[in-house]
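Colleague: structure.cif is reproduced in full below (mmCIF, C-alpha atoms).
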```cif
data_final
loop_
_atom_site.group_PDB
_atom_site.id
_atom_site.type_symbol
_atom_site.label_atom_id
_atom_site.label_comp_id
_atom_site.auth_asym_id
_atom_site.auth_seq_id
_atom_site.Cartn_x
_atom_site.Cartn_y
_atom_site.Cartn_z
ATOM 1 C CA MET A 1 2.291 -2.268 -17.878
ATOM 2 C CA SER A 2 3.481 1.229 -16.995
ATOM 3 C CA THR A 3 3.269 4.426 -18.981
ATOM 4 C CA PRO A 4 6.400 5.786 -20.695
ATOM 5 C CA ALA A 5 9.117 7.594 -18.785
ATOM 6 C CA ALA A 6 9.707 11.331 -18.938
ATOM 7 C CA PRO A 7 10.358 12.815 -22.413
ATOM 8 C CA LEU A 8 13.920 13.528 -23.489
ATOM 9 C CA VAL A 9 13.058 17.119 -24.419
ATOM 10 C CA ALA A 10 11.245 18.950 -21.643
ATOM 11 C CA SER A 11 8.139 20.965 -22.478
ATOM 12 C CA PRO A 12 6.727 23.960 -20.552
ATOM 13 C CA LEU A 13 4.346 21.499 -18.901
ATOM 14 C CA ASP A 14 7.225 19.541 -17.387
ATOM 15 C CA ALA A 15 8.234 22.479 -15.205
ATOM 16 C CA LEU A 16 4.708 22.558 -13.771
ATOM 17 C CA VAL A 17 4.836 18.815 -13.212
ATOM 18 C CA THR A 18 8.116 19.232 -11.331
ATOM 19 C CA GLY A 19 6.562 21.934 -9.148
ATOM 20 C CA TYR A 20 3.628 19.695 -8.291
ATOM 21 C CA LEU A 21 5.899 16.763 -7.420
ATOM 22 C CA HIS A 22 7.989 19.049 -5.222
ATOM 23 C CA MET A 23 4.835 20.067 -3.358
ATOM 24 C CA LEU A 24 3.788 16.429 -2.889
ATOM 25 C CA ALA A 25 7.181 15.549 -1.464
ATOM 26 C CA ASN A 26 7.713 18.520 0.814
ATOM 27 C CA GLU A 27 4.236 19.567 1.905
ATOM 28 C CA ARG A 28 2.232 16.356 1.814
ATOM 29 C CA GLY A 29 5.013 13.891 2.598
ATOM 30 C CA ALA A 30 4.140 11.614 -0.314
ATOM 31 C CA SER A 31 5.940 8.273 -0.328
ATOM 32 C CA PRO A 32 8.749 7.574 -2.832
ATOM 33 C CA HIS A 33 6.469 5.038 -4.531
ATOM 34 C CA THR A 34 3.729 7.655 -5.007
ATOM 35 C CA LEU A 35 6.208 10.211 -6.303
ATOM 36 C CA ARG A 36 7.660 7.777 -8.834
ATOM 37 C CA ALA A 37 4.188 6.816 -10.060
ATOM 38 C CA TYR A 38 2.991 10.427 -10.385
ATOM 39 C CA GLN A 39 6.217 11.478 -12.085
ATOM 40 C CA ARG A 40 5.844 8.685 -14.631
ATOM 41 C CA GLU A 41 2.169 9.344 -15.317
ATOM 42 C CA LEU A 42 2.374 13.149 -15.528
ATOM 43 C CA HIS A 43 5.505 13.335 -17.669
ATOM 44 C CA SER A 44 3.911 10.801 -19.988
ATOM 45 C CA PHE A 45 0.798 12.984 -20.250
ATOM 46 C CA ALA A 46 2.935 16.098 -20.844
ATOM 47 C CA ALA A 47 4.809 14.269 -23.613
ATOM 48 C CA PHE A 48 1.512 13.287 -25.236
ATOM 49 C CA ILE A 49 0.252 16.884 -25.193
ATOM 50 C CA ALA A 50 3.531 18.192 -26.616
ATOM 51 C CA GLU A 51 3.586 15.615 -29.388
ATOM 52 C CA ARG A 52 -0.097 15.816 -30.313
ATOM 53 C CA TYR A 53 -0.757 19.551 -29.913
ATOM 54 C CA GLY A 54 2.674 21.146 -30.126
ATOM 55 C CA PRO A 55 5.609 21.566 -27.711
ATOM 56 C CA GLU A 56 4.532 25.091 -26.729
ATOM 57 C CA GLN A 57 1.046 24.052 -25.646
ATOM 58 C CA ASN A 58 -0.054 26.077 -22.618
ATOM 59 C CA VAL A 59 -1.582 24.239 -19.669
ATOM 60 C CA GLY A 60 -4.569 26.581 -19.787
ATOM 61 C CA GLN A 61 -5.333 25.345 -23.303
ATOM 62 C CA ILE A 62 -5.719 21.723 -22.251
ATOM 63 C CA GLU A 63 -9.339 20.637 -22.455
ATOM 64 C CA HIS A 64 -11.137 17.581 -21.162
ATOM 65 C CA THR A 65 -11.199 16.174 -24.705
ATOM 66 C CA HIS A 66 -7.391 16.177 -24.691
ATOM 67 C CA ILE A 67 -7.339 14.161 -21.485
ATOM 68 C CA ARG A 68 -9.849 11.687 -22.897
ATOM 69 C CA ALA A 69 -7.697 11.371 -26.005
ATOM 70 C CA TYR A 70 -4.710 10.541 -23.821
ATOM 71 C CA LEU A 71 -6.665 7.850 -21.984
ATOM 72 C CA GLY A 72 -7.601 6.491 -25.393
ATOM 73 C CA THR A 73 -3.925 6.021 -26.251
ATOM 74 C CA LEU A 74 -3.482 4.034 -23.047
ATOM 75 C CA TYR A 75 -6.256 1.672 -24.089
ATOM 76 C CA GLU A 76 -4.695 1.379 -27.550
ATOM 77 C CA ARG A 77 -1.526 0.104 -25.865
ATOM 78 C CA ASN A 78 -3.678 -2.531 -24.119
ATOM 79 C CA LEU A 79 -3.336 -0.990 -20.679
ATOM 80 C CA SER A 80 -6.010 -2.036 -18.213
ATOM 81 C CA LYS A 81 -8.789 0.187 -16.910
ATOM 82 C CA ALA A 82 -7.015 0.206 -13.557
ATOM 83 C CA SER A 83 -3.874 1.623 -15.192
ATOM 84 C CA ALA A 84 -5.914 4.285 -16.975
ATOM 85 C CA ALA A 85 -7.657 5.144 -13.704
ATOM 86 C CA ARG A 86 -4.291 5.578 -11.962
ATOM 87 C CA ALA A 87 -3.104 7.883 -14.753
ATOM 88 C CA LEU A 88 -6.299 9.928 -14.507
ATOM 89 C CA ALA A 89 -5.950 10.191 -10.724
ATOM 90 C CA ALA A 90 -2.483 11.688 -11.154
ATOM 91 C CA ILE A 91 -3.733 14.140 -13.786
ATOM 92 C CA ARG A 92 -6.679 15.157 -11.599
ATOM 93 C CA GLY A 93 -4.411 15.834 -8.650
ATOM 94 C CA TRP A 94 -2.128 17.931 -10.818
ATOM 95 C CA PHE A 95 -5.001 19.958 -12.288
ATOM 96 C CA LYS A 96 -6.484 20.547 -8.842
ATOM 97 C CA TRP A 97 -3.126 21.953 -7.729
ATOM 98 C CA LEU A 98 -2.923 24.118 -10.856
ATOM 99 C CA ALA A 99 -6.420 25.486 -10.211
ATOM 100 C CA ARG A 100 -5.674 26.286 -6.577
ATOM 101 C CA GLY A 101 -2.547 28.142 -7.658
ATOM 102 C CA GLY A 102 -4.480 30.208 -10.191
ATOM 103 C CA LEU A 103 -2.513 28.724 -13.098
ATOM 104 C CA ILE A 104 -5.680 27.580 -14.874
ATOM 105 C CA GLU A 105 -9.198 29.020 -14.876
ATOM 106 C CA GLN A 106 -11.051 25.739 -15.218
ATOM 107 C CA ASN A 107 -10.155 22.242 -14.051
ATOM 108 C CA ALA A 108 -10.583 20.245 -17.258
ATOM 109 C CA ALA A 109 -9.716 16.969 -15.497
ATOM 110 C CA SER A 110 -12.832 17.248 -13.316
ATOM 111 C CA LEU A 111 -14.950 16.763 -16.448
ATOM 112 C CA VAL A 112 -13.403 13.364 -17.213
ATOM 113 C CA SER A 113 -15.085 10.403 -15.545
ATOM 114 C CA THR A 114 -13.091 7.579 -14.015
ATOM 115 C CA PRO A 115 -13.159 4.290 -15.960
ATOM 116 C CA ARG A 116 -15.627 1.889 -14.376
ATOM 117 C CA LEU A 117 -13.607 -0.776 -12.618
ATOM 118 C CA PRO A 118 -14.774 -4.276 -11.679
ATOM 119 C CA LYS A 119 -15.136 -4.692 -7.922
ATOM 120 C CA HIS A 120 -12.895 -7.447 -6.651
ATOM 121 C CA LEU A 121 -13.172 -8.268 -2.982
ATOM 122 C CA PRO A 122 -9.891 -9.596 -1.573
ATOM 123 C CA ARG A 123 -9.767 -13.255 -0.660
ATOM 124 C CA VAL A 124 -9.147 -13.392 3.057
ATOM 125 C CA PRO A 125 -8.035 -16.519 4.948
ATOM 126 C CA SER A 126 -10.217 -17.562 7.844
ATOM 127 C CA ILE A 127 -9.299 -16.964 11.479
ATOM 128 C CA GLU A 128 -8.390 -20.635 11.834
ATOM 129 C CA GLN A 129 -6.178 -20.534 8.728
ATOM 130 C CA MET A 130 -4.365 -17.424 9.916
ATOM 131 C CA ASN A 131 -3.757 -18.876 13.366
ATOM 132 C CA ARG A 132 -2.382 -22.064 11.831
ATOM 133 C CA VAL A 133 -0.003 -20.161 9.559
ATOM 134 C CA VAL A 134 1.307 -17.758 12.202
ATOM 135 C CA ASP A 135 1.722 -20.490 14.813
ATOM 136 C CA SER A 136 3.648 -22.836 12.499
ATOM 137 C CA VAL A 137 6.536 -20.716 11.225
ATOM 138 C CA GLY A 138 9.533 -23.058 11.217
ATOM 139 C CA GLU A 139 12.858 -23.642 9.533
ATOM 140 C CA ASP A 140 11.174 -25.492 6.684
ATOM 141 C CA ALA A 141 9.434 -22.265 5.613
ATOM 142 C CA ALA A 142 11.678 -19.485 6.899
ATOM 143 C CA SER A 143 15.349 -18.559 6.694
ATOM 144 C CA TRP A 144 15.048 -16.777 10.065
ATOM 145 C CA PRO A 145 12.033 -18.277 11.847
ATOM 146 C CA THR A 146 11.877 -15.916 14.857
ATOM 147 C CA ARG A 147 12.086 -12.824 12.657
ATOM 148 C CA ASP A 148 9.593 -14.115 10.116
ATOM 149 C CA LYS A 149 7.132 -15.150 12.831
ATOM 150 C CA ALA A 150 7.398 -11.636 14.273
ATOM 151 C CA ILE A 151 6.715 -10.213 10.812
ATOM 152 C CA LEU A 152 3.532 -12.271 10.453
ATOM 153 C CA GLU A 153 2.433 -11.373 13.980
ATOM 154 C CA MET A 154 2.890 -7.670 13.240
ATOM 155 C CA LEU A 155 1.174 -7.736 9.850
ATOM 156 C CA TYR A 156 -1.816 -9.757 11.045
ATOM 157 C CA GLY A 157 -1.863 -8.783 14.720
ATOM 158 C CA CYS A 158 -1.448 -5.032 14.135
ATOM 159 C CA GLY A 159 -2.935 -4.678 10.647
ATOM 160 C CA ILE A 160 -0.106 -2.467 9.399
ATOM 161 C CA ARG A 161 0.960 -2.008 5.799
ATOM 162 C CA ASN A 162 4.101 -3.618 4.387
ATOM 163 C CA ALA A 163 5.853 -0.241 4.063
ATOM 164 C CA GLU A 164 4.811 0.670 7.597
ATOM 165 C CA LEU A 165 6.317 -2.576 8.875
ATOM 166 C CA THR A 166 9.679 -2.135 7.142
ATOM 167 C CA GLY A 167 9.779 1.509 8.226
ATOM 168 C CA LEU A 168 9.540 0.648 11.929
ATOM 169 C CA ASN A 169 12.483 1.498 14.176
ATOM 170 C CA LEU A 170 13.379 0.073 17.577
ATOM 171 C CA ASP A 171 12.243 3.291 19.241
ATOM 172 C CA ASP A 172 8.774 2.910 17.716
ATOM 173 C CA ILE A 173 8.013 0.000 20.043
ATOM 174 C CA HIS A 174 6.454 1.481 23.185
ATOM 175 C CA TRP A 175 6.600 -1.482 25.526
ATOM 176 C CA ALA A 176 5.174 0.325 28.552
ATOM 177 C CA ASN A 177 2.077 1.396 26.621
ATOM 178 C CA GLU A 178 1.808 -1.893 24.708
ATOM 179 C CA ALA A 179 1.663 0.010 21.425
ATOM 180 C CA ILE A 180 3.705 0.775 18.326
ATOM 181 C CA LEU A 181 4.108 4.109 16.576
ATOM 182 C CA VAL A 182 3.277 3.684 12.893
ATOM 183 C CA ARG A 183 4.048 6.167 10.131
ATOM 184 C CA GLY A 184 1.374 5.761 7.487
ATOM 185 C CA LYS A 185 0.684 7.344 4.144
ATOM 186 C CA GLY A 186 1.613 10.999 3.914
ATOM 187 C CA GLN A 187 3.788 10.592 7.035
ATOM 188 C CA LYS A 188 0.651 10.506 9.186
ATOM 189 C CA GLN A 189 1.354 8.877 12.517
ATOM 190 C CA ARG A 190 -0.864 6.652 14.609
ATOM 191 C CA TYR A 191 -0.497 4.327 17.576
ATOM 192 C CA VAL A 192 -1.547 0.713 17.151
ATOM 193 C CA PRO A 193 -1.975 -1.732 20.058
ATOM 194 C CA LEU A 194 0.734 -4.371 20.377
ATOM 195 C CA GLY A 195 -0.948 -7.641 21.281
ATOM 196 C CA ASP A 196 0.559 -10.242 23.603
ATOM 197 C CA ALA A 197 1.370 -12.678 20.797
ATOM 198 C CA ALA A 198 3.102 -10.010 18.696
ATOM 199 C CA ALA A 199 5.009 -8.695 21.725
ATOM 200 C CA GLU A 200 6.248 -12.175 22.626
ATOM 201 C CA ALA A 201 7.349 -12.848 19.045
ATOM 202 C CA LEU A 202 9.165 -9.505 18.954
ATOM 203 C CA ARG A 203 11.077 -10.240 22.156
ATOM 204 C CA PHE A 204 12.332 -13.568 20.809
ATOM 205 C CA TYR A 205 13.348 -11.929 17.548
ATOM 206 C CA LEU A 206 15.060 -8.948 19.192
ATOM 207 C CA ALA A 207 17.246 -11.259 21.285
ATOM 208 C CA GLU A 208 18.485 -12.986 18.125
ATOM 209 C CA ARG A 209 18.790 -9.672 16.303
ATOM 210 C CA GLU A 210 21.072 -8.308 19.034
ATOM 211 C CA ALA A 211 23.209 -11.452 18.962
ATOM 212 C CA LEU A 212 23.524 -11.274 15.169
ATOM 213 C CA LEU A 213 24.646 -7.640 15.259
ATOM 214 C CA ALA A 214 27.137 -8.357 18.046
ATOM 215 C CA ALA A 215 28.630 -11.302 16.173
ATOM 216 C CA ALA A 216 28.928 -9.298 12.961
ATOM 217 C CA GLY A 217 30.627 -6.391 14.731
ATOM 218 C CA THR A 218 29.423 -3.967 12.083
ATOM 219 C CA GLY A 219 27.666 -1.563 14.406
ATOM 220 C CA LYS A 220 24.050 -0.848 15.328
ATOM 221 C CA THR A 221 21.016 0.062 13.286
ATOM 222 C CA PRO A 222 17.730 1.771 14.202
ATOM 223 C CA ALA A 223 15.799 -0.528 11.860
ATOM 224 C CA LEU A 224 13.533 -2.978 13.656
ATOM 225 C CA PHE A 225 13.544 -5.647 10.957
ATOM 226 C CA VAL A 226 16.899 -6.353 9.312
ATOM 227 C CA ASN A 227 18.057 -8.765 6.627
ATOM 228 C CA LEU A 228 19.836 -11.926 7.735
ATOM 229 C CA GLN A 229 23.144 -11.041 6.050
ATOM 230 C CA LEU A 230 23.044 -7.447 7.382
ATOM 231 C CA ARG A 231 23.666 -6.263 3.831
ATOM 232 C CA GLY A 232 24.432 -2.583 3.579
ATOM 233 C CA LEU A 233 25.093 -2.049 7.274
ATOM 234 C CA SER A 234 28.815 -1.470 6.790
ATOM 235 C CA LYS A 235 28.186 1.332 4.279
ATOM 236 C CA PRO A 236 27.855 4.964 5.457
ATOM 237 C CA GLY A 237 24.254 5.460 6.541
ATOM 238 C CA GLY A 238 23.472 1.792 5.962
ATOM 239 C CA GLN A 239 20.816 0.197 8.156
ATOM 240 C CA ALA A 240 20.410 -3.341 6.744
ATOM 241 C CA ARG A 241 16.684 -2.617 6.810
ATOM 242 C CA LEU A 242 14.471 -5.354 5.388
ATOM 243 C CA THR A 243 12.771 -4.307 2.142
ATOM 244 C CA THR A 244 9.081 -4.547 1.302
ATOM 245 C CA ARG A 245 9.958 -6.918 -1.550
ATOM 246 C CA SER A 246 11.708 -9.269 0.877
ATOM 247 C CA VAL A 247 8.710 -9.187 3.233
ATOM 248 C CA GLY A 248 6.481 -10.075 0.296
ATOM 249 C CA ARG A 249 8.622 -13.118 -0.512
ATOM 250 C CA ILE A 250 8.688 -14.195 3.133
ATOM 251 C CA VAL A 251 4.909 -14.010 3.509
ATOM 252 C CA LYS A 252 4.192 -15.767 0.217
ATOM 253 C CA ARG A 253 6.601 -18.633 0.903
ATOM 254 C CA ILE A 254 5.198 -19.352 4.359
ATOM 255 C CA ALA A 255 1.597 -19.038 3.164
ATOM 256 C CA ILE A 256 2.060 -21.448 0.258
ATOM 257 C CA LEU A 257 3.874 -24.036 2.379
ATOM 258 C CA ARG A 258 1.010 -23.877 4.890
ATOM 259 C CA GLY A 259 -1.653 -24.483 2.284
ATOM 260 C CA LEU A 260 -2.870 -20.959 1.542
ATOM 261 C CA SER A 261 -3.366 -19.446 -1.891
ATOM 262 C CA ALA A 262 -0.366 -18.322 -3.924
ATOM 263 C CA GLU A 263 -2.122 -14.945 -4.148
ATOM 264 C CA VAL A 264 -1.433 -14.218 -0.476
ATOM 265 C CA HIS A 265 0.777 -11.175 0.090
ATOM 266 C CA PRO A 266 1.432 -8.835 3.063
ATOM 267 C CA HIS A 267 -1.655 -6.738 2.341
ATOM 268 C CA THR A 268 -3.765 -9.902 2.559
ATOM 269 C CA LEU A 269 -2.875 -10.078 6.241
ATOM 270 C CA ARG A 270 -3.989 -6.473 6.673
ATOM 271 C CA HIS A 271 -7.310 -7.348 5.023
ATOM 272 C CA ALA A 272 -7.595 -10.342 7.327
ATOM 273 C CA PHE A 273 -6.960 -8.097 10.347
ATOM 274 C CA GLY A 274 -9.822 -5.757 9.419
ATOM 275 C CA THR A 275 -12.197 -8.506 8.359
ATOM 276 C CA HIS A 276 -11.686 -10.630 11.465
ATOM 277 C CA LEU A 277 -12.088 -7.627 13.769
ATOM 278 C CA LEU A 278 -15.429 -6.894 12.139
ATOM 279 C CA GLU A 279 -16.502 -10.531 12.351
ATOM 280 C CA GLU A 280 -15.724 -10.534 16.067
ATOM 281 C CA GLY A 281 -17.843 -7.441 16.741
ATOM 282 C CA ALA A 282 -15.536 -4.430 16.384
ATOM 283 C CA ASP A 283 -17.192 -1.250 15.085
ATOM 284 C CA LEU A 284 -16.127 0.348 11.814
ATOM 285 C CA ARG A 285 -14.861 3.560 13.431
ATOM 286 C CA SER A 286 -12.444 1.636 15.620
ATOM 287 C CA ILE A 287 -11.226 -0.424 12.676
ATOM 288 C CA GLN A 288 -10.779 2.773 10.672
ATOM 289 C CA GLU A 289 -8.496 4.200 13.387
ATOM 290 C CA LEU A 290 -6.501 0.998 13.718
ATOM 291 C CA LEU A 291 -5.940 0.701 9.980
ATOM 292 C CA GLY A 292 -5.207 4.395 9.521
ATOM 293 C CA HIS A 293 -7.867 4.874 6.847
ATOM 294 C CA GLU A 294 -8.539 8.507 6.019
ATOM 295 C CA ARG A 295 -12.085 7.774 4.855
ATOM 296 C CA LEU A 296 -14.632 5.509 6.490
ATOM 297 C CA SER A 297 -15.744 4.400 3.022
ATOM 298 C CA THR A 298 -12.395 2.618 2.644
ATOM 299 C CA THR A 299 -13.047 0.679 5.846
ATOM 300 C CA GLN A 300 -16.575 -0.196 4.742
ATOM 301 C CA ARG A 301 -15.191 -2.585 2.147
ATOM 302 C CA TYR A 302 -14.790 -5.057 5.014
ATOM 303 C CA THR A 303 -18.552 -4.907 5.519
ATOM 304 C CA GLN A 304 -18.959 -5.957 1.889
ATOM 305 C CA LEU A 305 -16.412 -8.706 2.395
ATOM 306 C CA THR A 306 -18.078 -10.248 5.426
ATOM 307 C CA THR A 307 -21.503 -9.922 3.773
ATOM 308 C CA ALA A 308 -20.187 -11.868 0.786
ATOM 309 C CA GLN A 309 -18.832 -14.562 3.092
ATOM 310 C CA LEU A 310 -22.119 -14.736 4.999
ATOM 311 C CA THR A 311 -23.983 -15.092 1.700
ATOM 312 C CA GLN A 312 -21.800 -18.073 0.792
ATOM 313 C CA VAL A 313 -22.516 -19.689 4.150
ATOM 314 C CA TYR A 314 -26.242 -19.027 3.735
ATOM 315 C CA ASP A 315 -26.343 -20.472 0.219
ATOM 316 C CA ARG A 316 -24.435 -23.553 1.369
ATOM 317 C CA THR A 317 -26.363 -24.298 4.560
ATOM 318 C CA HIS A 318 -29.874 -22.853 4.649
ATOM 319 C CA PRO A 319 -32.568 -25.249 3.388
ATOM 320 C CA ARG A 320 -34.553 -22.475 1.688
ATOM 321 C CA ALA A 321 -31.486 -21.278 -0.221
ATOM 322 C CA ARG A 322 -31.203 -24.492 -2.246
#
```
Could you quickly redo this structure as structure tokens?
Modeller:
Amino acid sequence: MSTPAAPLVASPLDALVTGYLHMLANERGASPHTLRAYQRELHSFAAFIAERYGPEQNVGQIEHTHIRAYLGTLYERNLSKASAARALAAIRGWFKWLARGGLIEQNAASLVSTPRLPKHLPRVPSIEQMNRVVDSVGEDAASWPTRDKAILEMLYGCGIRNAELTGLNLDDIHWANEAILVRGKGQKQRYVPLGDAAAEALRFYLAEREALLAAAGTGKTPALFVNLQLRGLSKPGGQARLTTRSVGRIVKRIAILRGLSAEVHPHTLRHAFGTHLLEEGADLRSIQELLGHERLSTTQRYTQLTTAQLTQVYDRTHPRAR
């Protein structure tokens, strides 16, 4: 459940929210998804302050107790701790920006602790399961088998995010260097190796992609992965680019038909990429670079994941564990 949209009547706080969002978009290259989420959360918080403490409330008068009170209203609406934590993260980022700009003397948000969240390790298919799924993409599970096989090869073989996959252009494939140029969060770029299996799948797909575009006669597109009907290509600026939602449906359908959990989604393949690299002996620093993680602590979750799997194996097989 999401927090309410922006208030109908803007308060003085809304102008500061707009300034912060403008900075995120233009200086930090925040994604549209991040901007929408922060806009929703911060305007909701501004509306709460205006309603509870008066429409002329100054940002410098906001105290940590006010922020805690706002989180309390989220719990009253039966929002989860994860939703409250996301709202607090947006508020903290905003207050940090306000403090750096000298608009407040004290960062009240820094005094509010993050709700304690349960730690859920992602369920990752085994290497054998992933190989079976990727190698068996057929017409029974895919509307465009060569494209969908290439999608799975890229997600699992390169470990890229769903948005990174759909954002790829033809020019981002560097065949000579056997690598792809990936634009990650905050428009940060990195090169990721293009394995033999992924490269082969891409070549088969690109041949069919070219034939489809030629038959349609609607022009060219820079987008690497396009929708089967080439929807939107005939419009000015249209690219027929495949959406992240479509990729999610493609991955889930193939996974279910091949016996995997219904909880599988594109990010599951990214988790599998990192986990299987670690299982096969890759070091955490290398995995961090491949995945584009800013912090090593994010990559270390794969250590926890493999430890949990090893514990299950130990409990199931070692005679002293019974």
Colleague: Taking the file as shown, find all residues satisfying the PyMOL selection byres ((chain A and resi 83) around 10) and write them as a list in words.
Modeller: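 In the shown coordinates, the PyMOL selection byres ((chain A and resi 83) around 10) covers Met1, Ser2, Thr3, Glu41, Leu71, Leu74, Tyr75, Asn78, Leu79, Ser80, Lys81, Ala82, Ala84, Ala85, Arg86, Ala87, Leu88, Ala89 and Pro115 of chain A.
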Colleague: How about saving the chosen residues, C-alpha atoms kept, as an mmCIF file, keeping the file's coordinate frame?
Modeller:
```cif
data_model
loop_
_atom_site.group_PDB
_atom_site.id
_atom_site.type_symbol
_atom_site.label_atom_id
_atom_site.label_comp_id
_atom_site.auth_asym_id
_atom_site.auth_seq_id
_atom_site.Cartn_x
_atom_site.Cartn_y
_atom_site.Cartn_z
ATOM 1 C CA MET A 1 2.291 -2.268 -17.878
ATOM 2 C CA SER A 2 3.481 1.229 -16.995
ATOM 3 C CA THR A 3 3.269 4.426 -18.981
ATOM 4 C CA GLU A 41 2.169 9.344 -15.317
ATOM 5 C CA LEU A 71 -6.665 7.850 -21.984
ATOM 6 C CA LEU A 74 -3.482 4.034 -23.047
ATOM 7 C CA TYR A 75 -6.256 1.672 -24.089
ATOM 8 C CA ASN A 78 -3.678 -2.531 -24.119
ATOM 9 C CA LEU A 79 -3.336 -0.990 -20.679
ATOM 10 C CA SER A 80 -6.010 -2.036 -18.213
ATOM 11 C CA LYS A 81 -8.789 0.187 -16.910
ATOM 12 C CA ALA A 82 -7.015 0.206 -13.557
ATOM 13 C CA ALA A 84 -5.914 4.285 -16.975
ATOM 14 C CA ALA A 85 -7.657 5.144 -13.704
ATOM 15 C CA ARG A 86 -4.291 5.578 -11.962
ATOM 16 C CA ALA A 87 -3.104 7.883 -14.753
ATOM 17 C CA LEU A 88 -6.299 9.928 -14.507
ATOM 18 C CA ALA A 89 -5.950 10.191 -10.724
ATOM 19 C CA PRO A 115 -13.159 4.290 -15.960
#
```
Colleague: Compare A:Ala211, A:Leu13, A:Ala30, A:Leu21 by their minimum atom-to-atom distance to Ala46 in chain A, counting all atoms listed in the file, and give me the closest one.
Modeller: A:Leu13
Colleague: For CA of Ala197 in chain A and CA of Gly157 in chain A, quote the distance in Å rounded to one decimal.
Modeller: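 Computing it gives 7.9 Å between the two atoms.
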Colleague: Of the candidates A:Asp315, A:Glu164, A:Glu139, A:Glu51, which shows the shortest atom-to-atom distance to Val192 in chain A, using only C-alpha atoms?
Modeller: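 Closest to Val192 in chain A, using only C-alpha atoms: A:Glu164.
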Colleague: Could you work out how far CA of Gly159 in chain A lies from CA of Phe273 in chain A, giving the answer in Å with one decimal?
Modeller: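 About the pair CA of Phe273 in chain A and CA of Gly159 in chain A: they are 5.3 Å apart.
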Colleague: Residues of range 116-219 of chain A that approach range 228-240 of chain A to 10 Å or less, counting all atoms listed in the file: could you list each one with the shortest pair of atoms and its distance in Å to one decimal, rows by chain and increasing residue number, as CSV?
Modeller:
```
residue,atom,partner,partner_atom,distance
A:Ser143,CA,A:Leu228,CA,8.1
A:Trp144,CA,A:Leu228,CA,7.2
A:Arg147,CA,A:Leu228,CA,9.2
A:Arg209,CA,A:Leu228,CA,8.9
A:Leu212,CA,A:Leu228,CA,8.3
A:Leu213,CA,A:Leu230,CA,8.0
A:Ala216,CA,A:Leu230,CA,8.3
A:Gly217,CA,A:Ser234,CA,9.5
A:Thr218,CA,A:Ser234,CA,5.9
A:Gly219,CA,A:Leu233,CA,7.6
```
Colleague: Smallest atom-to-atom distance to Gln61 in chain A: which of A:Arg28, A:Leu42, A:Gln106, A:Leu278, using all atoms listed in the file?
Modeller: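 That would be A:Gln106, the residue with the smallest distance to Gln61 in chain A.
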Colleague: Quick check, in Å to one decimal: how far apart do CA of Ala223 in chain A and CA of His293 in chain A lie?
Modeller: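 These two atoms are separated by 24.8 Å.
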Colleague: Near Arg245 in chain A, counting all atoms listed in the file, which residues have an atom at most 10 Å away, once you skip same-chain residues fewer than 6 positions from it, shown as a list in words?
Modeller: Asn162, Ala163, Thr166 and Pro266 of chain A
Colleague: Save out the residues we just selected, C-alpha atoms, as a PDB file, in the coordinates of the input.
Modeller:
```
ATOM      1  CA  ASN A 162       4.101  -3.618   4.387  1.00  0.00           C
ATOM      2  CA  ALA A 163       5.853  -0.241   4.063  1.00  0.00           C
ATOM      3  CA  THR A 166       9.679  -2.135   7.142  1.00  0.00           C
ATOM      4  CA  PRO A 266       1.432  -8.835   3.063  1.00  0.00           C
TER       5      PRO A 266
END
```
Colleague: Determine, counting all atoms listed in the file, which protein, DNA and RNA residues have an atom within 10 Å of an atom of Leu111 in chain A; residues of the same chain fewer than 6 positions away are not included. Present the result as a PyMOL selection string.
Modeller: chain A and resi 63-65+67-68+92
Colleague: Which residues fall under the PyMOL selection byres ((chain A and resi 203) around 12) in this file, as an NGL selection string?
Modeller: :A and (146-147 or 149-150 or 153 or 170 or 173 or 175 or 196-202 or 204-210 or 224)
Colleague: Carefully work through the PyMOL selection byres ((chain A and resi 107) around 10) for this structure and note down the residues it includes, as a list in words.
Modeller: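 Evaluating the PyMOL selection byres ((chain A and resi 107) around 10) on these coordinates yields Gly60, Ile62, Glu63, His64, Arg92, Trp94, Phe95, Lys96, Trp97, Leu98, Ala99, Arg100, Ile104, Glu105, Gln106, Ala108, Ala109, Ser110, Leu111 and Val112 of chain A.
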Colleague: For Gln288 in chain A, which residue among A:Ala90, A:Ala15, A:Ile49, A:Ile160 is the nearest when counting all atoms listed in the file?
Modeller: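 So, comparing all the options, the nearest one is A:Ile160.
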Colleague: Show me, as a VMD selection string, the residues that have an atom within 12 Å of His271 in chain A when counting all atoms listed in the file, minus same-chain residues fewer than 5 positions from it.
Modeller: chain A and resid 121 to 127 130 155 to 161 264 to 266 276 to 278 287 291 298 to 303 305 to 306
Colleague: Between A:Asn169, A:Thr275, A:Ser31, A:Gln187, single out the one closest to Val226 in chain A, counting all atoms listed in the file.
Modeller: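 Among the listed residues, the smallest separation from Val226 in chain A belongs to A:Asn169.
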